[in-house]
>>> print(open('target.cif').read())   # mmCIF, C-alpha atoms and all ligand atoms
data_coords
loop_
_atom_site.group_PDB
_atom_site.id
_atom_site.type_symbol
_atom_site.label_atom_id
_atom_site.label_comp_id
_atom_site.auth_asym_id
_atom_site.auth_seq_id
_atom_site.Cartn_x
_atom_site.Cartn_y
_atom_site.Cartn_z
ATOM 1 C CA MET A 1 -33.919 -6.434 10.908
ATOM 2 C CA ILE A 2 -35.657 -4.194 13.447
ATOM 3 C CA ALA A 3 -39.262 -3.418 12.469
ATOM 4 C CA GLY A 4 -39.548 -0.048 10.752
ATOM 5 C CA MET A 5 -35.891 -0.013 9.574
ATOM 6 C CA THR A 6 -35.137 -0.353 5.879
ATOM 7 C CA SER A 7 -31.949 -1.766 4.416
ATOM 8 C CA ARG A 8 -30.066 0.978 2.556
ATOM 9 C CA ASP A 9 -26.888 0.844 0.455
ATOM 10 C CA PRO A 10 -24.526 3.285 2.214
ATOM 11 C CA GLY A 11 -22.876 4.173 -1.109
ATOM 12 C CA LYS A 12 -19.235 4.339 -2.153
ATOM 13 C CA PRO A 13 -16.742 6.761 -3.716
ATOM 14 C CA LEU A 14 -16.976 7.571 -7.425
ATOM 15 C CA PRO A 15 -14.143 7.090 -9.956
ATOM 16 C CA PHE A 16 -11.157 9.359 -9.170
ATOM 17 C CA SER A 17 -11.869 11.507 -12.246
ATOM 18 C CA HIS A 18 -14.904 12.852 -10.375
ATOM 19 C CA TYR A 19 -12.638 14.370 -7.702
ATOM 20 C CA ASP A 20 -9.573 15.256 -9.794
ATOM 21 C CA ARG A 21 -8.567 18.890 -9.146
ATOM 22 C CA ARG A 22 -5.078 18.724 -10.649
ATOM 23 C CA GLN A 23 -5.828 17.423 -14.144
ATOM 24 C CA TYR A 24 -2.267 16.167 -14.627
ATOM 25 C CA PRO A 25 -1.689 13.863 -17.603
ATOM 26 C CA THR A 26 -2.474 10.398 -16.208
ATOM 27 C CA LEU A 27 -0.526 7.217 -16.933
ATOM 28 C CA SER A 28 -1.347 3.558 -16.320
ATOM 29 C CA VAL A 29 0.425 1.766 -13.441
ATOM 30 C CA GLU A 30 2.850 0.140 -15.909
ATOM 31 C CA GLU A 31 3.712 3.348 -17.770
ATOM 32 C CA GLY A 32 3.791 5.469 -14.635
ATOM 33 C CA TYR A 33 6.107 3.298 -12.554
ATOM 34 C CA ALA A 34 8.379 2.544 -15.539
ATOM 35 C CA LEU A 35 8.982 6.294 -15.678
ATOM 36 C CA TRP A 36 8.996 7.008 -11.928
ATOM 37 C CA SER A 37 11.427 4.121 -11.278
ATOM 38 C CA ARG A 38 14.178 6.334 -12.700
ATOM 39 C CA ALA A 39 13.921 8.662 -9.700
ATOM 40 C CA TYR A 40 11.651 6.919 -7.154
ATOM 41 C CA LEU A 41 12.740 7.371 -3.542
ATOM 42 C CA GLY A 42 9.495 6.928 -1.584
ATOM 43 C CA GLU A 43 8.747 8.805 1.621
ATOM 44 C CA ASP A 44 9.436 7.014 4.892
ATOM 45 C CA ARG A 45 7.042 9.271 6.814
ATOM 46 C CA PHE A 46 4.166 7.894 4.727
ATOM 47 C CA ASP A 47 4.550 4.302 5.833
ATOM 48 C CA LEU A 48 7.545 3.396 7.999
ATOM 49 C CA ASP A 49 6.322 5.635 10.830
ATOM 50 C CA LEU A 50 2.989 3.756 10.802
ATOM 51 C CA LEU A 51 4.504 0.285 10.412
ATOM 52 C CA GLY A 52 7.005 1.080 13.173
ATOM 53 C CA SER A 53 4.231 2.107 15.562
ATOM 54 C CA SER A 54 2.137 -1.032 14.979
ATOM 55 C CA ALA A 55 1.661 -3.204 18.068
ATOM 56 C CA VAL A 56 0.862 -6.154 15.773
ATOM 57 C CA LEU A 57 3.938 -5.973 13.561
ATOM 58 C CA GLY A 58 6.600 -5.265 16.220
ATOM 59 C CA PRO A 59 6.652 -8.606 18.057
ATOM 60 C CA THR A 60 5.846 -10.807 15.039
ATOM 61 C CA LEU A 61 8.580 -9.824 12.578
ATOM 62 C CA GLU A 62 11.525 -11.681 14.118
ATOM 63 C CA GLY A 63 12.463 -14.525 11.783
ATOM 64 C CA ALA A 64 9.138 -14.321 9.917
ATOM 65 C CA SER A 65 8.786 -15.138 6.228
ATOM 66 C CA VAL A 66 7.173 -12.011 4.781
ATOM 67 C CA LEU A 67 5.655 -11.212 1.400
ATOM 68 C CA ASP A 68 6.206 -7.578 0.370
ATOM 69 C CA LEU A 69 3.304 -6.975 -2.019
ATOM 70 C CA ALA A 70 4.018 -4.240 -4.595
ATOM 71 C CA CYS A 71 7.585 -4.064 -3.304
ATOM 72 C CA GLY A 72 8.620 -1.368 -5.792
ATOM 73 C CA THR A 73 12.294 -0.482 -5.421
ATOM 74 C CA GLY A 74 12.614 -2.387 -2.129
ATOM 75 C CA ARG A 75 12.293 0.250 0.599
ATOM 76 C CA ILE A 76 9.871 -1.875 2.648
ATOM 77 C CA GLY A 77 11.905 -5.068 2.173
ATOM 78 C CA ARG A 78 14.979 -3.294 3.494
ATOM 79 C CA TRP A 79 13.019 -2.073 6.537
ATOM 80 C CA LEU A 80 11.575 -5.557 7.194
ATOM 81 C CA ARG A 81 15.034 -7.138 7.112
ATOM 82 C CA ALA A 82 16.422 -4.448 9.435
ATOM 83 C CA ARG A 83 13.562 -5.251 11.839
ATOM 84 C CA GLY A 84 14.528 -8.923 11.991
ATOM 85 C CA ALA A 85 12.284 -10.486 9.336
ATOM 86 C CA GLY A 86 13.600 -13.758 7.908
ATOM 87 C CA ALA A 87 13.152 -14.462 4.200
ATOM 88 C CA VAL A 88 11.397 -11.567 2.439
ATOM 89 C CA THR A 89 9.765 -12.156 -0.955
ATOM 90 C CA GLY A 90 8.867 -9.219 -3.196
ATOM 91 C CA VAL A 91 6.205 -9.104 -5.918
ATOM 92 C CA ASP A 92 5.528 -6.176 -8.237
ATOM 93 C CA ARG A 93 3.986 -5.579 -11.638
ATOM 94 C CA SER A 94 6.703 -3.185 -12.750
ATOM 95 C CA GLY A 95 9.875 -4.812 -14.089
ATOM 96 C CA GLU A 96 11.644 -1.451 -13.860
ATOM 97 C CA MET A 97 10.836 -1.049 -10.132
ATOM 98 C CA LEU A 98 11.861 -4.687 -9.517
ATOM 99 C CA ARG A 99 15.270 -4.107 -11.094
ATOM 100 C CA HIS A 100 16.038 -1.513 -8.397
ATOM 101 C CA ALA A 101 14.780 -3.884 -5.687
ATOM 102 C CA GLU A 102 17.098 -6.583 -7.034
ATOM 103 C CA ALA A 103 20.079 -4.263 -6.703
ATOM 104 C CA LEU A 104 19.343 -3.738 -2.975
ATOM 105 C CA GLY A 105 20.063 -7.407 -2.267
ATOM 106 C CA VAL A 106 17.599 -7.752 0.638
ATOM 107 C CA TYR A 107 15.050 -10.134 -0.924
ATOM 108 C CA ALA A 108 15.189 -13.925 -0.794
ATOM 109 C CA ARG A 109 13.064 -13.919 -3.937
ATOM 110 C CA LEU A 110 11.654 -11.300 -6.322
ATOM 111 C CA ALA A 111 8.898 -12.084 -8.799
ATOM 112 C CA PRO A 112 7.028 -10.069 -11.394
ATOM 113 C CA GLY A 113 3.315 -10.378 -10.820
ATOM 114 C CA ASP A 114 0.041 -8.903 -9.694
ATOM 115 C CA ILE A 115 -0.682 -8.538 -5.989
ATOM 116 C CA THR A 116 -4.162 -9.977 -6.518
ATOM 117 C CA ALA A 117 -2.741 -13.198 -8.057
ATOM 118 C CA THR A 118 0.902 -13.729 -7.097
ATOM 119 C CA GLY A 119 1.160 -17.407 -8.046
ATOM 120 C CA LEU A 120 3.098 -18.079 -4.808
ATOM 121 C CA PRO A 121 2.347 -21.286 -2.885
ATOM 122 C CA SER A 122 -0.653 -21.285 -0.521
ATOM 123 C CA GLY A 123 0.078 -21.081 3.210
ATOM 124 C CA SER A 124 3.734 -20.190 2.598
ATOM 125 C CA MET A 125 4.067 -16.837 4.408
ATOM 126 C CA ASP A 126 3.995 -15.771 8.069
ATOM 127 C CA GLY A 127 3.149 -12.218 7.077
ATOM 128 C CA CYS A 128 2.142 -9.903 4.237
ATOM 129 C CA VAL A 129 2.937 -6.194 3.957
ATOM 130 C CA CYS A 130 1.681 -3.878 1.231
ATOM 131 C CA SER A 131 2.564 -0.198 1.106
ATOM 132 C CA MET A 132 1.235 2.544 -1.164
ATOM 133 C CA ALA A 133 -0.309 0.299 -3.813
ATOM 134 C CA LEU A 134 -3.979 -0.390 -2.951
ATOM 135 C CA CYS A 135 -4.848 3.048 -4.328
ATOM 136 C CA HIS A 136 -4.056 1.549 -7.763
ATOM 137 C CA VAL A 137 -5.951 -1.744 -7.300
ATOM 138 C CA PRO A 138 -9.649 -1.835 -8.279
ATOM 139 C CA ASP A 139 -10.530 -5.185 -6.683
ATOM 140 C CA LEU A 140 -9.993 -5.038 -2.910
ATOM 141 C CA GLY A 141 -11.686 -8.417 -2.414
ATOM 142 C CA ALA A 142 -9.198 -10.129 -4.764
ATOM 143 C CA PHE A 143 -6.303 -8.497 -2.900
ATOM 144 C CA PHE A 144 -7.413 -9.679 0.564
ATOM 145 C CA ALA A 145 -8.301 -13.127 -0.801
ATOM 146 C CA GLU A 146 -4.770 -13.479 -2.188
ATOM 147 C CA CYS A 147 -3.227 -12.387 1.136
ATOM 148 C CA ALA A 148 -5.410 -14.916 2.971
ATOM 149 C CA ARG A 149 -4.391 -17.639 0.506
ATOM 150 C CA VAL A 150 -0.610 -17.191 0.847
ATOM 151 C CA LEU A 151 -0.636 -16.741 4.653
ATOM 152 C CA VAL A 152 -0.402 -19.431 7.300
ATOM 153 C CA PRO A 153 -3.374 -19.527 9.714
ATOM 154 C CA GLY A 154 -2.806 -16.758 12.278
ATOM 155 C CA GLY A 155 -0.464 -14.914 9.877
ATOM 156 C CA PHE A 156 -0.307 -11.112 9.937
ATOM 157 C CA LEU A 157 -1.132 -8.485 7.338
ATOM 158 C CA ALA A 158 -0.187 -4.806 7.298
ATOM 159 C CA VAL A 159 -1.532 -2.513 4.593
ATOM 160 C CA VAL A 160 -0.464 1.110 4.284
ATOM 161 C CA ASP A 161 -2.063 3.312 1.676
ATOM 162 C CA TYR A 162 -2.589 6.850 0.505
ATOM 163 C CA HIS A 163 -5.397 8.276 2.672
ATOM 164 C CA PRO A 164 -8.773 8.563 0.887
ATOM 165 C CA TYR A 165 -8.981 12.063 2.364
ATOM 166 C CA PHE A 166 -6.324 13.176 -0.137
ATOM 167 C CA LEU A 167 -7.856 11.381 -3.101
ATOM 168 C CA LEU A 168 -11.239 12.899 -2.277
ATOM 169 C CA GLN A 169 -9.548 16.321 -2.273
ATOM 170 C CA GLY A 170 -8.614 15.578 -5.884
ATOM 171 C CA ILE A 171 -4.876 15.003 -5.311
ATOM 172 C CA PRO A 172 -3.680 11.898 -7.214
ATOM 173 C CA THR A 173 -0.506 9.823 -6.921
ATOM 174 C CA HIS A 174 1.892 12.051 -8.853
ATOM 175 C CA PHE A 175 5.552 12.746 -9.504
ATOM 176 C CA PRO A 176 7.683 15.107 -11.589
ATOM 177 C CA HIS A 177 8.503 13.699 -15.040
ATOM 178 C CA PRO A 178 12.232 12.839 -14.855
ATOM 179 C CA ASP A 179 12.958 14.606 -18.182
ATOM 180 C CA THR A 180 10.683 17.651 -18.123
ATOM 181 C CA GLY A 181 9.861 18.191 -14.435
ATOM 182 C CA ALA A 182 6.139 18.505 -15.339
ATOM 183 C CA GLN A 183 3.800 16.734 -12.893
ATOM 184 C CA VAL A 184 2.406 13.377 -14.058
ATOM 185 C CA ALA A 185 -0.299 11.301 -12.319
ATOM 186 C CA ILE A 186 -0.809 7.535 -12.102
ATOM 187 C CA GLU A 187 -4.321 6.026 -12.268
ATOM 188 C CA ASN A 188 -5.934 5.879 -8.838
ATOM 189 C CA VAL A 189 -8.935 4.095 -7.359
ATOM 190 C CA VAL A 190 -10.632 5.561 -4.279
ATOM 191 C CA HIS A 191 -11.375 3.006 -1.564
ATOM 192 C CA ALA A 192 -13.416 4.021 1.473
ATOM 193 C CA LEU A 193 -11.831 2.947 4.773
ATOM 194 C CA SER A 194 -15.051 1.069 5.491
ATOM 195 C CA ALA A 195 -14.525 -0.989 2.300
ATOM 196 C CA VAL A 196 -10.981 -1.937 3.373
ATOM 197 C CA HIS A 197 -12.360 -3.051 6.746
ATOM 198 C CA ARG A 198 -15.292 -4.938 5.214
ATOM 199 C CA GLU A 199 -13.290 -6.741 2.502
ATOM 200 C CA ALA A 200 -10.525 -7.777 4.937
ATOM 201 C CA ARG A 201 -13.083 -9.248 7.346
ATOM 202 C CA ALA A 202 -14.956 -10.965 4.501
ATOM 203 C CA ARG A 203 -11.721 -12.855 3.622
ATOM 204 C CA GLY A 204 -11.235 -14.129 7.172
ATOM 205 C CA PHE A 205 -9.057 -11.380 8.675
ATOM 206 C CA VAL A 206 -9.471 -10.044 12.192
ATOM 207 C CA VAL A 207 -8.743 -6.327 11.872
ATOM 208 C CA GLU A 208 -6.481 -5.268 14.742
ATOM 209 C CA GLU A 209 -5.455 -1.620 14.179
ATOM 210 C CA LEU A 210 -6.346 1.440 12.123
ATOM 211 C CA LEU A 211 -3.533 4.023 12.237
ATOM 212 C CA GLU A 212 -3.299 7.396 10.471
ATOM 213 C CA ARG A 213 -0.254 9.526 9.653
ATOM 214 C CA PHE A 214 -1.001 13.247 9.936
ATOM 215 C CA VAL A 215 1.364 15.933 8.676
ATOM 216 C CA ASP A 216 2.861 17.449 11.841
ATOM 217 C CA GLU A 217 5.266 20.264 12.749
ATOM 218 C CA GLU A 218 8.314 17.983 12.584
ATOM 219 C CA TRP A 219 7.398 16.912 9.041
ATOM 220 C CA VAL A 220 6.885 20.508 7.902
ATOM 221 C CA SER A 221 10.170 21.673 9.404
ATOM 222 C CA ALA A 222 11.988 18.862 7.561
ATOM 223 C CA GLN A 223 10.011 19.392 4.327
ATOM 224 C CA PRO A 224 8.499 22.905 4.173
ATOM 225 C CA GLY A 225 6.591 21.969 0.997
ATOM 226 C CA TYR A 226 4.202 20.016 3.236
ATOM 227 C CA ALA A 227 3.154 23.179 5.167
ATOM 228 C CA LYS A 228 -0.105 23.409 3.187
ATOM 229 C CA HIS A 229 -0.999 19.914 4.438
ATOM 230 C CA LEU A 230 -0.250 20.557 8.130
ATOM 231 C CA GLY A 231 -2.852 18.827 10.290
ATOM 232 C CA TYR A 232 -4.226 16.552 7.552
ATOM 233 C CA PRO A 233 -3.868 12.746 7.283
ATOM 234 C CA VAL A 234 -1.748 11.614 4.325
ATOM 235 C CA THR A 235 -1.695 7.857 4.853
ATOM 236 C CA TYR A 236 -3.352 5.154 6.935
ATOM 237 C CA ALA A 237 -2.412 1.640 7.977
ATOM 238 C CA VAL A 238 -4.606 -1.343 8.726
ATOM 239 C CA THR A 239 -3.146 -4.359 10.499
ATOM 240 C CA ALA A 240 -4.926 -7.690 10.754
ATOM 241 C CA THR A 241 -4.381 -11.341 11.550
ATOM 242 C CA LEU A 242 -5.796 -14.252 9.599
ATOM 243 C CA GLY A 243 -8.348 -16.231 11.589
ATOM 244 C CA ARG A 244 -7.301 -19.816 12.405
HETATM 245 C C1 LIG B 1 4.128 3.942 -4.769
HETATM 246 S S1 LIG B 1 4.934 2.444 -5.265
HETATM 247 C C2 LIG B 1 5.249 1.707 -3.683
HETATM 248 C C3 LIG B 1 6.439 0.785 -3.704
HETATM 249 C C4 LIG B 1 6.866 0.268 -2.337
HETATM 250 N N1 LIG B 1 5.812 -0.524 -1.706
HETATM 251 C C5 LIG B 1 7.238 1.439 -1.439
HETATM 252 O O1 LIG B 1 6.424 1.767 -0.560
HETATM 253 O O2 LIG B 1 8.294 2.025 -1.638
HETATM 254 C C6 LIG B 1 3.580 1.468 -5.854
HETATM 255 C C7 LIG B 1 4.036 0.133 -6.448
HETATM 256 O O3 LIG B 1 2.880 -0.674 -6.612
HETATM 257 C C8 LIG B 1 3.055 -1.437 -7.803
HETATM 258 N N2 LIG B 1 1.721 -1.920 -8.180
HETATM 259 C C9 LIG B 1 0.593 -1.192 -8.366
HETATM 260 N N3 LIG B 1 -0.442 -1.998 -8.635
HETATM 261 C C10 LIG B 1 0.028 -3.276 -8.616
HETATM 262 C C11 LIG B 1 -0.557 -4.552 -8.806
HETATM 263 N N4 LIG B 1 -1.869 -4.701 -9.093
HETATM 264 N N5 LIG B 1 0.230 -5.649 -8.711
HETATM 265 C C12 LIG B 1 1.562 -5.519 -8.444
HETATM 266 N N6 LIG B 1 2.172 -4.328 -8.248
HETATM 267 C C13 LIG B 1 1.415 -3.222 -8.333
HETATM 268 C C14 LIG B 1 3.720 -0.480 -8.749
HETATM 269 O O4 LIG B 1 4.341 -1.142 -9.837
HETATM 270 C C15 LIG B 1 4.717 0.225 -7.809
HETATM 271 O O5 LIG B 1 5.949 -0.424 -7.786
#
>>> encode(input="target.cif", output="structure tokens")
Amino acid sequence: MIAGMTSRDPGKPLPFSHYDRRQYPTLSVEEGYALWSRAYLGEDRFDLDLLGSSAVLGPTLEGASVLDLACGTGRIGRWLRARGAGAVTGVDRSGEMLRHAEALGVYARLAPGDITATGLPSGSMDGCVCSMALCHVPDLGAFFAECARVLVPGGFLAVVDYHPYFLLQGIPTHFPHPDTGAQVAIENVVHALSAVHREARARGFVVEELLERFVDEEWVSAQPGYAKHLGYPVTYAVTATLGR
């Protein structure tokens, strides 16, 4: 350390409840996605635009075995297969979301499980993709360690998540209750972008890209409800490769 400098903890975000401005009734991941699975569509602008613009993912997908972590109803698996991925495996904690993924017929294998401990064989995947789930996972280190474990050396990882900017504005993951239409939230954890970077590197990843999806004019003209978010970043993606 340089003389005169003191080591200082740079701090981290507080629990989401500190930021919450909506005060919607909040459900656990299990309860929330069991309910949301009845109407879940996902939003391609959140993640597919970022994944599609990645210089890391583009050339590596052809024929690759890919693990879709928190696969939900299978939107990402379908996209991976359309982009030339070989066998795609999906893991999710919600049996109800997995049932929809099963019906899509794009996965070589689907398994119930936690993305921090999938139980899949070590070194069995060329790539890992995880979209819109880290904002529910408290232990980032366990997540990146599990990705590193299941990947082959040199394998790729792409994570897309809800931008901390939105969580810090007090806007949680939420959806309209399928019976009543009232907004319901699902438990969130706020991760600083610096923590994602640090924890990925600590588990042996070389971070390649940081991409952000801002709400733009095209988005607002397609979905006028997003007008209030024009010019703000809704999601981010980090791509990385596992060191050899
Ligand atoms: C917003 S959905 C995203 C689904 C899919 N990746 C997509 O983008 O359409 C979040 C998913 O993450 C799953 N999930 C959240 N935490 C998880 C965990 N610790 N382990 C496994 N799945 C988890 C939920 O069950 C849900 O299916």
>>> resolve_selection(input="target.cif", expression="the PyMOL selection byres (((not hetatm)) within 8 of (chain B and resi 1))", output="PyMOL selection string")
chain A and resi 29-30+33-34+37+41-43+47+68-76+91-95+97-98+112-116+130-137+173
>>> resolve_selection(input="target.cif", expression="the PyMOL selection byres (((chain A and resi 10-16) around 8) and not hetatm)", output="ChimeraX atom specification")
/A:8-9,17-20,167-168,170,188-192
>>> write_last_selection(input="target.cif", atoms="C-alpha atoms", output="short mmCIF file (atom, residue, chain, number, x, y, z; two decimals), in the frame of the given file")
data_model
loop_
_atom_site.label_atom_id
_atom_site.label_comp_id
_atom_site.auth_asym_id
_atom_site.auth_seq_id
_atom_site.Cartn_x
_atom_site.Cartn_y
_atom_site.Cartn_z
CA ARG A 8 -30.07 0.98 2.56
CA ASP A 9 -26.89 0.84 0.46
CA SER A 17 -11.87 11.51 -12.25
CA HIS A 18 -14.90 12.85 -10.38
CA TYR A 19 -12.64 14.37 -7.70
CA ASP A 20 -9.57 15.26 -9.79
CA LEU A 167 -7.86 11.38 -3.10
CA LEU A 168 -11.24 12.90 -2.28
CA GLY A 170 -8.61 15.58 -5.88
CA ASN A 188 -5.93 5.88 -8.84
CA VAL A 189 -8.94 4.10 -7.36
CA VAL A 190 -10.63 5.56 -4.28
CA HIS A 191 -11.38 3.01 -1.56
CA ALA A 192 -13.42 4.02 1.47
#
>>> resolve_selection(input="target.cif", expression="the PyMOL selection byres (((chain A and resi 56) around 10) and not hetatm)", output="NGL selection string")
:A and (51-55 or 57-61 or 156-158 or 208-209 or 239-241)
>>> residues_around(input="target.cif", residues="range 222-231 of chain A", least_positions_apart="2", cutoff="12 Å", atoms="all atoms listed in the file", output="JSON, numbers by chain")
{"A": [43, 45, 165, 166, 169, 171, 212, 213, 214, 215, 216, 217, 218, 219, 220, 233, 234]}
>>> residues_near_point(input="target.cif", point="(-2.8, -13.2, 1.8)", cutoff="9 Å", atoms="only C-alpha atoms", output="ChimeraX atom specification")
/A:67,122-123,125,127-128,143-152,155-157,242
>>> closest_residue(input="target.cif", among="A:Glu187, A:Glu199, A:Asp161, A:Glu102", to="Leu27 in chain A", atoms="only C-alpha atoms")
A:Glu187
>>> atom_distance(input="target.cif", atom1="CA of Ala195 in chain A", atom2="CA of Thr118 in chain A")
22.1 Å
>>> axis_aligned_box(input="target.cif", around="range 140-146 of chain A", padding_each_side="5 Å", output="lines of an AutoDock Vina configuration file")
center_x = -8.2
center_y = -9.3
center_z = -2.1
size_x = 16.9
size_y = 18.4
size_z = 15.3
>>> residues_near_point(input="target.cif", point="(-7.6, -5.9, 4.9)", cutoff="7 Å", atoms="all atoms listed in the file", output="ChimeraX atom specification")
/A:144,159,196-197,199-201,205,238,240
>>> closest_residue(input="target.cif", among="A:Ala111, A:Val88, A:Val106, A:Leu50", to="Ser124 in chain A", atoms="all atoms listed in the file")
A:Val88
>>> closest_residue(input="target.cif", among="A:Glu62, A:Asp49, A:Pro176, A:Ala237", to="Val207 in chain A", atoms="only C-alpha atoms")
A:Ala237
>>> atom_distance(input="target.cif", atom1="CA of Leu120 in chain A", atom2="CA of Gly243 in chain A")
20.1 Å
>>> closest_residue(input="target.cif", among="A:Leu211, A:Leu35, A:Ala87, A:Val206", to="Val184 in chain A", atoms="only C-alpha atoms")
A:Leu35
>>> atom_distance(input="target.cif", atom1="CA of Arg109 in chain A", atom2="CA of Arg244 in chain A")
26.8 Å
>>> residues_around(input="target.cif", residues="Gln183 in chain A", least_positions_apart="2", cutoff="9 Å", atoms="all atoms listed in the file", output="list in words")
Tyr24, Pro25, His174, Phe175, Pro176, His177, Thr180, Gly181 and Ala185 of chain A
>>> closest_residue(input="target.cif", among="A:Ser65, A:Arg83, A:Ala142, A:Pro172", to="Asp126 in chain A", atoms="only C-alpha atoms")
A:Ser65
>>> build_atoms(input="target.cif", residues="range 163-183 of chain A", atoms="N, CA and C atoms", output="mmCIF file, in the frame of the given file")
data_model
loop_
_atom_site.group_PDB
_atom_site.id
_atom_site.type_symbol
_atom_site.label_atom_id
_atom_site.label_comp_id
_atom_site.auth_asym_id
_atom_site.auth_seq_id
_atom_site.Cartn_x
_atom_site.Cartn_y
_atom_site.Cartn_z
ATOM 1 N N HIS A 163 -4.134 8.068 1.954
ATOM 2 C CA HIS A 163 -5.397 8.276 2.672
ATOM 3 C C HIS A 163 -6.503 8.733 1.704
ATOM 4 N N PRO A 164 -7.700 8.122 1.799
ATOM 5 C CA PRO A 164 -8.773 8.563 0.887
ATOM 6 C C PRO A 164 -9.077 10.055 1.035
ATOM 7 N N TYR A 165 -8.759 10.620 2.192
ATOM 8 C CA TYR A 165 -8.981 12.063 2.364
ATOM 9 C C TYR A 165 -8.307 12.843 1.244
ATOM 10 N N PHE A 166 -7.061 12.449 0.887
ATOM 11 C CA PHE A 166 -6.324 13.176 -0.137
ATOM 12 C C PHE A 166 -6.907 12.930 -1.527
ATOM 13 N N LEU A 167 -7.269 11.678 -1.785
ATOM 14 C CA LEU A 167 -7.856 11.381 -3.101
ATOM 15 C C LEU A 167 -9.184 12.127 -3.266
ATOM 16 N N LEU A 168 -9.947 12.204 -2.199
ATOM 17 C CA LEU A 168 -11.239 12.899 -2.277
ATOM 18 C C LEU A 168 -11.058 14.415 -2.412
ATOM 19 N N GLN A 169 -9.877 14.900 -2.037
ATOM 20 C CA GLN A 169 -9.548 16.321 -2.273
ATOM 21 C C GLN A 169 -9.081 16.540 -3.703
ATOM 22 N N GLY A 170 -9.001 15.438 -4.481
ATOM 23 C CA GLY A 170 -8.614 15.578 -5.884
ATOM 24 C C GLY A 170 -7.123 15.568 -6.126
ATOM 25 N N ILE A 171 -6.338 15.043 -5.142
ATOM 26 C CA ILE A 171 -4.876 15.003 -5.311
ATOM 27 C C ILE A 171 -4.466 13.559 -5.610
ATOM 28 N N PRO A 172 -4.017 13.281 -6.841
ATOM 29 C CA PRO A 172 -3.680 11.898 -7.214
ATOM 30 C C PRO A 172 -2.253 11.535 -6.812
ATOM 31 N N THR A 173 -1.905 10.244 -6.948
ATOM 32 C CA THR A 173 -0.506 9.823 -6.921
ATOM 33 C C THR A 173 0.184 10.551 -8.072
ATOM 34 N N HIS A 174 1.235 11.295 -7.778
ATOM 35 C CA HIS A 174 1.892 12.051 -8.853
ATOM 36 C C HIS A 174 3.378 12.226 -8.571
ATOM 37 N N PHE A 175 4.107 12.570 -9.610
ATOM 38 C CA PHE A 175 5.552 12.746 -9.504
ATOM 39 C C PHE A 175 6.010 13.645 -10.644
ATOM 40 N N PRO A 176 7.180 14.288 -10.484
ATOM 41 C CA PRO A 176 7.683 15.107 -11.589
ATOM 42 C C PRO A 176 8.306 14.234 -12.670
ATOM 43 N N HIS A 177 7.928 14.460 -13.918
ATOM 44 C CA HIS A 177 8.503 13.699 -15.040
ATOM 45 C C HIS A 177 10.020 13.855 -14.995
ATOM 46 N N PRO A 178 10.776 12.727 -15.032
ATOM 47 C CA PRO A 178 12.232 12.839 -14.855
ATOM 48 C C PRO A 178 12.933 13.658 -15.948
ATOM 49 N N ASP A 179 12.309 13.816 -17.120
ATOM 50 C CA ASP A 179 12.958 14.606 -18.182
ATOM 51 C C ASP A 179 12.516 16.060 -18.171
ATOM 52 N N THR A 180 11.202 16.288 -17.957
ATOM 53 C CA THR A 180 10.683 17.651 -18.123
ATOM 54 C C THR A 180 10.387 18.354 -16.801
ATOM 55 N N GLY A 181 10.224 17.587 -15.724
ATOM 56 C CA GLY A 181 9.861 18.191 -14.435
ATOM 57 C C GLY A 181 8.364 18.450 -14.301
ATOM 58 N N ALA A 182 7.596 18.276 -15.401
ATOM 59 C CA ALA A 182 6.139 18.505 -15.339
ATOM 60 C C ALA A 182 5.476 17.387 -14.524
ATOM 61 N N GLN A 183 4.458 17.742 -13.734
ATOM 62 C CA GLN A 183 3.800 16.734 -12.893
ATOM 63 C C GLN A 183 3.006 15.741 -13.749
#
